[in-house]
Structures are given as C-alpha cells and as structure tokens.
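K.L.:
First, the structure itself, so that you have it in front of you.
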Amino acid sequence: NDTPCPDKGFDDVIRLISSTESNKVTLELGRLQGSTVVNYYNGICISANAGESYGFLAGKCGIGIDYECRSGNCQTCMRWMEFPDKERERNPDEGRGNLYDRTILHCVGRVPRGYRWLHVLDPYSGENVMQGDT
C-alpha cells in the first residue's frame with residue numbers, strides 16, 4: 001500500500017502487511033543508512049551501528065562467545081575479523097583492493113565507523129566457514 005516504514009520494527013511491519021486488503025504485498029529491504037553489516041563465520045549477518053558492542057551483536061545472532069573476565073585481559077573472546085581497505089570502499093571500480101584482518105575482543109570491542117561490512121572469522125580456523133561446509 002506504498003506505506004514507507006523505514007523506522008518500524010518487525011512486528012509493526014507484519015501488522016501493516018496483515019492489515020492490507022490486497023492479496024499481494026511488495027517489500028523493499030535494505031540496510032540502515034550508515035550502518036555496517038557484520039557477517040559471522042556461520043553465515044549470519046546483522047546490521048550494526050558504529051559503536052555497538054561485538055558481544056551484543058553476537059548474542060543477537062545466537063553466536064556463542066566464551067567469556068572469562070569481560071574486560072579483555074584473558075582474550076577468551078578474541079576472534080579474527082576481516083575488513084576492506086577503506087579507499088576501496090569509496091572507489092569500488094579501482095580494482096579488487098586489499099582485505100585486512102585483525103583481532104577483536106567481543107567483550108570490549110565496538111563496531112568502527114566508516115565500513116560497509118566486516119567479517120568475523122571462524123575462531124578455530126580463522127576462515128569464513130559457512131554452516132554445513134566440511
């Protein structure tokens with residue numbers, strides 16, 4: 001019914017769909033403007049704002065993260081993360097660009113500003129392994 005709902009939650013959108021008189025509903029989906037897509041090693045993705053906690057995001061995605069100290073000292077929650085070259089993000093037609101990796105601590109780490117996507121890699125192999133792969 002051409003009702004824009006960019007600030008609506010899932011339940012509100014379902015109510016809009018349920019209340020329509022039409023038999024056909026078209027949805028246009030996208031990520032939040034200025035957000036970063038965090039892709040976990042099992043294929044689960046979540047849209048995150050800069051400054052959100054990696055631990056909070058993992059919890060929302062059902063990713064089990066072991067913690068011991070919750071202050072970053074023990075490094076139990078450490079994972080590898082892969083991210084693009086920021087210059088490549090701004091100029092996508094200039095070749096493949098470089099990918100970088102670094103470690104993050106889920107208990108204290110926060111999503112940085114300025115990235116369209118980040119990959120949190122498999123804690124055991126350091127690879128982006130989709131669920132069901134062997």
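Naming scheme: A, B, ... for chains in displayed order of the structure tokens; residues 1 onward per chain; ligands 1 onward as shown.
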Just want the 12 Å neighbourhood of Phe56 (chain A), counted on only C-alpha atoms, with same-chain residues fewer than 6 positions away dropped. Output as a PyMOL selection string.

P.N.:
chain A and resi 38+46+48-49+62-65+105-111

K.L.:
Could you write out, as number ranges by chain, all the residues of region 5-79 of chain A that DSSP marks as helix (DSSP H, G or I)?

P.N.:
A: 10-19, 54-60

K.L.:
Env of Thr76 (chain A): 7 Å cut, atoms = only C-alpha atoms, seq-sep filter 6 positions within chain, self excluded. Answer as a ChimeraX atom specification.

P.N.:
/A:66-68

K.L.:
Kindly indicate which residue among A:Gln75, A:Tyr41, A:Asp101, A:Gly55 lies nearest to Pro123 (chain A), using only C-alpha atoms for the distances.

P.N.:
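Going through A:Gln75, A:Tyr41, A:Asp101, A:Gly55 one by one, the smallest distance to Pro123 (chain A) is for A:Tyr41.
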
K.L.:
List as a PyMOL selection string the protein and nucleic acid residues near Val37 (chain A), meaning an atom at most 12 Å away when only C-alpha atoms are counted, but skip any in the same chain fewer than 2 places from it.

P.N.:
chain A and resi 30-35+39-40+43-50+52+54+57+83+111-120

K.L.:
Give me, please, the distance in Å between CA of Thr103 (chain A) and CA of Tyr124 (chain A), quoted to one decimal.

P.N.:
13.1 Å

K.L.:
Grab the CA of Cys61 (chain A) to CA of Thr26 (chain A) distance for me, in Å with one decimal place.

P.N.:
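One can read the CA of Cys61 (chain A) to CA of Thr26 (chain A) distance as 26.2 Å.
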
K.L.:
Which parts of region 29-121 of chain A does DSSP call strand (DSSP E) when run on the backbone here, written out as a PyMOL selection string?

P.N.:
chain A and resi 36-40+45-48+78-84+99-105+117-120

K.L.:
How would the residues just chosen look if you wrote them out with C-alpha atoms as an mmCIF file, in the first residue's frame?

P.N.:
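Writing done, so here's result.cif:
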data_model
loop_
_atom_site.group_PDB
_atom_site.id
_atom_site.type_symbol
_atom_site.label_atom_id
_atom_site.label_comp_id
_atom_site.auth_asym_id
_atom_site.auth_seq_id
_atom_site.Cartn_x
_atom_site.Cartn_y
_atom_site.Cartn_z
ATOM 1 C CA THR A 36 27.826 -1.756 8.919
ATOM 2 C CA VAL A 37 26.925 -5.325 8.002
ATOM 3 C CA VAL A 38 28.674 -7.704 10.396
ATOM 4 C CA ASN A 39 28.887 -11.168 8.834
ATOM 5 C CA TYR A 40 29.664 -14.048 11.189
ATOM 6 C CA CYS A 45 24.589 -11.274 9.185
ATOM 7 C CA ILE A 46 23.404 -8.334 11.242
ATOM 8 C CA SER A 47 23.245 -4.618 10.514
ATOM 9 C CA ALA A 48 25.076 -2.643 13.194
ATOM 10 C CA MET A 78 39.138 -12.930 20.850
ATOM 11 C CA ARG A 79 38.247 -13.573 17.191
ATOM 12 C CA TRP A 80 39.808 -12.637 13.861
ATOM 13 C CA MET A 81 37.988 -10.088 11.758
ATOM 14 C CA GLU A 82 38.403 -9.353 8.046
ATOM 15 C CA PHE A 83 37.614 -5.912 6.651
ATOM 16 C CA PRO A 84 38.120 -3.989 3.390
ATOM 17 C CA LEU A 99 41.486 -7.059 2.601
ATOM 18 C CA TYR A 100 42.918 -6.681 6.070
ATOM 19 C CA ASP A 101 42.496 -8.700 9.212
ATOM 20 C CA ARG A 102 42.931 -8.049 12.890
ATOM 21 C CA THR A 103 41.718 -9.435 16.169
ATOM 22 C CA ILE A 104 38.722 -8.173 18.114
ATOM 23 C CA LEU A 105 37.640 -8.817 21.681
ATOM 24 C CA TRP A 117 30.903 -4.669 6.039
ATOM 25 C CA LEU A 118 33.089 -6.678 8.408
ATOM 26 C CA HIS A 119 33.567 -10.466 8.595
ATOM 27 C CA VAL A 120 34.098 -12.176 11.940
#

K.L.:
Please, what distance in Å, to one decimal, runs between CA of Cys74 (chain A) and CA of Gly51 (chain A)?

P.N.:
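Interatomic distance here is 22.0 Å.
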